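Trainee: Below: one structure in structure tokens.
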Protein chains: 2
Amino acid sequence: MIVKQDSQAALYIQIYQYFKEKIVSGHFNSGDRLPSKRNLADQLGLSLNTISKAYYLLEEEGFILAKERSGYFVEQLNNFYPQAFKDEKTKIEEKKEADPKVIYDFSPSSIDREKFPYYTFSKLYKEVIDQEGRKIIGQSEPQGKLVFRNALSQYLNISRSLNVKAENIVISSGMEYLYEMLFYIFSKDSIFAVENPGYDILPDMISSRGFSYEPIELEDDGISLDQLIKSKANILTITPSHQFPTGSIMPISKRLDLLKWASLKEENYLIEDDYDTEFRYVGRPIDPIKKFDLNDKVIYMGSFSKSIAPSMRISYMILPDKLMEELRVNFPFFICSVPVVNQLVMTKFLKDGYFQRHLNRMRRHYKKKREDLIEKLEKYDQVLDISGADSGIHIVVEVKTNKTDNEIVASCKKKGLEIYPMSAYYSSKSIKKSSGKFLFGFGNLNLETLDQGLEEFFSSL
Amino acid sequence: MIVKQDSQAALYIQIYQYFKEKIVSGHFNSGDRLPSKRNLADQLGLSLNTISKAYYLLEEEGFILAKERSGYFVEQLNNFYPQAFKDEKTKIEEKKEADPKVIYDFSPSSIDREKFPYYTFSKLYKEVIDQEGRKIIGQSEPQGKLVFRNALSQYLNISRSLNVKAENIVISSGMEYLYEMLFYIFSKDSIFAVENPGYDILPDMISSRGFSYEPIELEDDGISLDQLIKSKANILTITPSHQFPTGSIMPISKRLDLLKWASLKEENYLIEDDYDTEFRYVGRPIDPIKKFDLNDKVIYMGSFSKSIAPSMRISYMILPDKLMEELRVNFPFFICSVPVVNQLVMTKFLKDGYFQRHLNRMRRHYKKKREDLIEKLEKYDQVLDISGADSGIHIVVEVKTNKTDNEIVASCKKKGLEIYPMSAYYSSKSIKKSSGKFLFGFGNLNLETLDQGLEEFFSSL
């Protein structure tokens, strides 16, 4: 029985399916002749047209071959096929997202999600989709929508006194993706200098793309200029406004020295990662190096991951004209990874003053959390020092202990505590010496469990 | 006058700013002593505390240095600074997005934006933000949210009879970004084989990341097996269900031959780009090669760029277990570039059946457009042949002409016509011979201007 009149599928599809399965399951062998269209039509009491459509499909996919004036023949298929064809659909069960049994996580990068401006964003999303209409389907320039880049350049002008043109701004989905672009631009023999300790995934990314890097030690006033000059590096990546992880602020003199270094050679560049500059609790935010970048040698990177949420997946960089040209000319195929609707929502968030208000609220909020944490920490006499400047969402705590960092991490893990020793941020190329220093994030500080978390931590020393 | 009582800024900020500008503008020289806090406090009639806060900021940023028992002194700043410091804010004027004077664009990849399901998406965005609440701020696994990957695997199971586990799916912002991940996974000495003609940006991307590639000619039934075997390539990227740009369908026998080739060596892999498979106008969609991938040698790529809109910026791939493990273990720092809110919206769009309904609607819609275009084309006797199978959103038209493709493109451009000759899709490593064949996209077919567009085109031959 080839066709069922009551079947959902069109008749010609049923016939197509019937022969296809016969062929691939080996019931028909290559060279076998199929019944002529006319015969099959009569036999099944169907129109010739229906049969023709079925044969057309079989022929188009190469299951059968039409030979002039002699009919349709099964094609040669290798034996590989039949076993492959059995296609029992295994049920795919919805797996739950795994949640680890962590009672407290002191992650230096976690933010307070409770304070995320849901209402505003839900409103903005709807506004954008309703008002912008068709535009949300529009293509974005490779660098990101111009309206977004204009809003961003105005924000950077006001909040960071950066005098930046929208043409030099590149939008992407995170710092990693900005680096992917830089890896396209920099010549393959470029050598990166990274802070040691520093942002831990950076060395992996750099070497994964076939570049080499040199870790540079930190001095009290930031990265060691001597080591940098001695190194073969031509691209320095730094976090001057709030060094990660130490939290130190690079003094202006050192900043200018680095600018000078960058200007020495044409291939030299500074990558300034201004990752959490929005959160400064005394005075004004510190001027970025980019502000003094007369010779256009600084690549400035910023992000909304800390200031709003990592799940925004929006970061940006300011490229020197020369590098911008490089990217535009040599990699026209680059497509902005941030969906247009998200870009337009962020544009509104910036232009209508929501972002500034959000920052002011969060600054007050985090300042309080920071004070709460420090107040509790100061109760413990194992605490030797608390540092990290008055910025960002983490501080560095030095403790009195006879154990190694790893021992402490291990025993804390047993108690469901995630802690972050300074030593974890040292390059694998250098000795990860136990420092007794630990990063404490306060962005997501939970006063209910904090006491327990701290008790567990200090009892592990 | 150092401070203005009526100023917005706090007093200590005004003092900090005052000295900072004096120092950087060179009015104070390095080594100069600042007034003692006490004297300044008396002089200004302010509290000692206010002055202390100002000096603290100046010291923290390295403008001044405190010397035991002798006071505060201006730090050594190199002369680089002052000129850099002038910081006249140039107005950043909102530039308009440039719209080129194109009267008609036959782009083979443009879709019909008018048919984008706005209402559904605006509803889903709001639903997701309201219902999922906090979750939209949640982090996504590097591969993409599990709920999304589960929905996707169910869709692929039903619509493409692919038996795929969510664990093997990787979500990203576009085919380019999926390749970026593959470039991490494949050993650096891998050699790619690309279809010639084929997707034009692929060779650029491959070589930009330091891999080499070999263009493989197409035969009537798709990529030449002989050339492939003769080549040194170990990774073959193909569009078997609707070859881009020719539009041909690879017969099943050739598909199985390629699977065999992939299974010959451990380092061999097939990349199956199933870019527009949703749009098949006769019969059922063609089975992807991945369906018969017994030996786990096929990387399957799909996207919502054609089926919904490129601005969705969501693509996905199915990785063989071995490669999935590679990615997970060696590149844990990879972060999914698609914002969580977008992932959750697409999850709803898939699970609640919107996508299937949308596809059915678009299939009917594009089928009609395709017929309209062909009907109009057939009126021109310069048309020698129309090909491209009954799939996708473009067809291939061969025309009678004495001009070269480039001549035709040039004269069309003068008339505001964007046309896409087949020859443009040949690898730069091969001769881009004029074929008289042109790609005609009908996704965005505009009946009002189509007649004029076609008139202009044929009058340029």
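Following the order of the structure tokens, first chain is A, next is B, and so on, with residues numbered from 1 inside each chain and ligands from 1 in the order they appear.
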As a PyMOL selection string, list the residues of region 135-358 of chain B assigned to helix (DSSP H, G or I) by DSSP on the backbone atoms of this structure.
Mentor: chain B and resi 135-137+146-160+166-168+175-185+201-208+225-230+252-264+289-292+310-312+321-330+340-351+354-358
Trainee: Quick one: which residues from chain A are at most 7 Å off chain B, using only C-alpha atoms, as a PyMOL selection string?
Mentor: chain A and resi 13+57+61-63+77+84-85+89-90+92+94+97+113+122+126+129+137-139+146+150+163+165+173+184+201+208+249+251-253+283+292+294+309+311-313+333+337+339-340
Trainee: Could you please determine the separation between CA of Pro142 (chain B) and CA of Ile171 (chain B) in Å, to one decimal place?
Mentor: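 CA of Pro142 (chain B) sits 8.3 Å away from CA of Ile171 (chain B).
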Trainee: If we count only C-alpha atoms and set the cut-off at 8 Å, which residues sit around Thr237 (chain B), ignoring sequence neighbours fewer than 6 positions away in its own chain? Please answer as an mmCIF file with C-alpha atoms, in the first residue's frame.
Mentor:
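Final file, result_4.cif:
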data_model
loop_
_atom_site.group_PDB
_atom_site.id
_atom_site.type_symbol
_atom_site.label_atom_id
_atom_site.label_comp_id
_atom_site.auth_asym_id
_atom_site.auth_seq_id
_atom_site.Cartn_x
_atom_site.Cartn_y
_atom_site.Cartn_z
ATOM 1 C CA PHE B 192 40.245 24.006 4.287
ATOM 2 C CA ALA B 193 38.555 23.040 1.050
ATOM 3 C CA VAL B 194 35.985 25.583 -0.113
ATOM 4 C CA GLU B 195 33.418 25.400 -2.905
ATOM 5 C CA LEU B 270 32.813 18.201 6.906
ATOM 6 C CA ILE B 271 31.276 21.590 7.648
ATOM 7 C CA GLU B 272 27.698 21.463 6.372
ATOM 8 C CA ASP B 273 26.264 24.958 6.046
#
Trainee: Tell me, as a PyMOL selection string, which residues lie within 12 Å of Lys232 (chain A), counting only C-alpha atoms; anything in the same chain fewer than 6 positions away does not count.
Mentor: chain A and resi 189-193+212-216+226+265+267-268
Trainee: Find the residues near region 361-374 of chain B: any atom within 8 Å, counting only C-alpha atoms, skip ones fewer than 2 places away on the same chain, and give them as JSON, numbers by chain.
Mentor: {"B": [115, 278, 279, 280, 281, 357, 358, 359, 376, 377, 378, 386, 393, 442, 443, 445]}
Trainee: Could you save the residues just selected, with C-alpha atoms, as a CSV table (one decimal), in the first residue's frame?
Mentor:
chain,number,residue,atom,x,y,z
B,115,LYS,CA,7.0,40.1,6.9
B,278,GLU,CA,13.9,26.2,5.6
B,279,PHE,CA,12.8,27.5,2.2
B,280,ARG,CA,12.0,24.5,0.0
B,281,TYR,CA,9.1,25.0,-2.4
B,357,ARG,CA,4.0,29.0,11.6
B,358,HIS,CA,6.3,31.8,10.5
B,359,LEU,CA,8.2,29.4,8.2
B,376,LYS,CA,8.7,38.5,-15.5
B,377,LEU,CA,12.1,37.2,-16.4
B,378,GLU,CA,10.7,34.7,-18.9
B,386,ILE,CA,16.9,30.0,-15.0
B,393,ILE,CA,15.6,33.0,-1.7
B,442,PHE,CA,13.6,37.5,-4.6
B,443,GLY,CA,13.4,37.6,-0.8
B,445,LEU,CA,11.2,41.5,-4.3
Trainee: When you look at Phe106 (chain A) with a cut-off of 7 Å (counting only C-alpha atoms), what residues show up, excluding the ones that are within fewer than 2 positions of it in the same chain? I need them as an MDAnalysis selection string.
Mentor: chainID A and resid 104 108 418:419 440:441
Trainee: Please save N, CA, C and O atoms of the selected residues as a PDB file, in the first residue's frame.
Mentor:
ATOM      1  N   TYR A 104      28.284  30.507  49.664  1.00  0.00           N
ATOM      2  CA  TYR A 104      28.693  31.890  49.480  1.00  0.00           C
ATOM      3  C   TYR A 104      29.784  32.001  48.431  1.00  0.00           C
ATOM      4  O   TYR A 104      30.702  31.194  48.400  1.00  0.00           O
ATOM      5  N   PRO A 108      34.879  38.396  42.587  1.00  0.00           N
ATOM      6  CA  PRO A 108      35.202  39.823  42.454  1.00  0.00           C
ATOM      7  C   PRO A 108      34.440  40.497  41.311  1.00  0.00           C
ATOM      8  O   PRO A 108      34.455  41.714  41.196  1.00  0.00           O
ATOM      9  N   GLU A 418      33.189  29.899  47.675  1.00  0.00           N
ATOM     10  CA  GLU A 418      34.052  30.222  46.533  1.00  0.00           C
ATOM     11  C   GLU A 418      34.892  31.436  46.892  1.00  0.00           C
ATOM     12  O   GLU A 418      34.350  32.517  47.113  1.00  0.00           O
ATOM     13  N   ILE A 419      36.220  31.238  46.967  1.00  0.00           N
ATOM     14  CA  ILE A 419      37.088  32.378  47.271  1.00  0.00           C
ATOM     15  C   ILE A 419      38.142  32.523  46.178  1.00  0.00           C
ATOM     16  O   ILE A 419      38.401  31.587  45.426  1.00  0.00           O
ATOM     17  N   PHE A 440      37.783  39.995  47.505  1.00  0.00           N
ATOM     18  CA  PHE A 440      36.416  39.909  48.010  1.00  0.00           C
ATOM     19  C   PHE A 440      35.522  40.819  47.177  1.00  0.00           C
ATOM     20  O   PHE A 440      35.648  42.043  47.238  1.00  0.00           O
ATOM     21  N   GLY A 441      34.645  40.201  46.384  1.00  0.00           N
ATOM     22  CA  GLY A 441      33.686  40.997  45.637  1.00  0.00           C
ATOM     23  C   GLY A 441      32.544  41.384  46.550  1.00  0.00           C
ATOM     24  O   GLY A 441      32.123  40.593  47.387  1.00  0.00           O
TER      25      GLY A 441
END
Trainee: So which residues touch Glu456 (chain B) within 9 Å, counting only C-alpha atoms, skipping near sequence neighbours fewer than 5 positions away, as a list of chain:residue names?
Mentor: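 Here the answer would be B:Cys412, B:Lys415, B:Leu417, B:Asp451.
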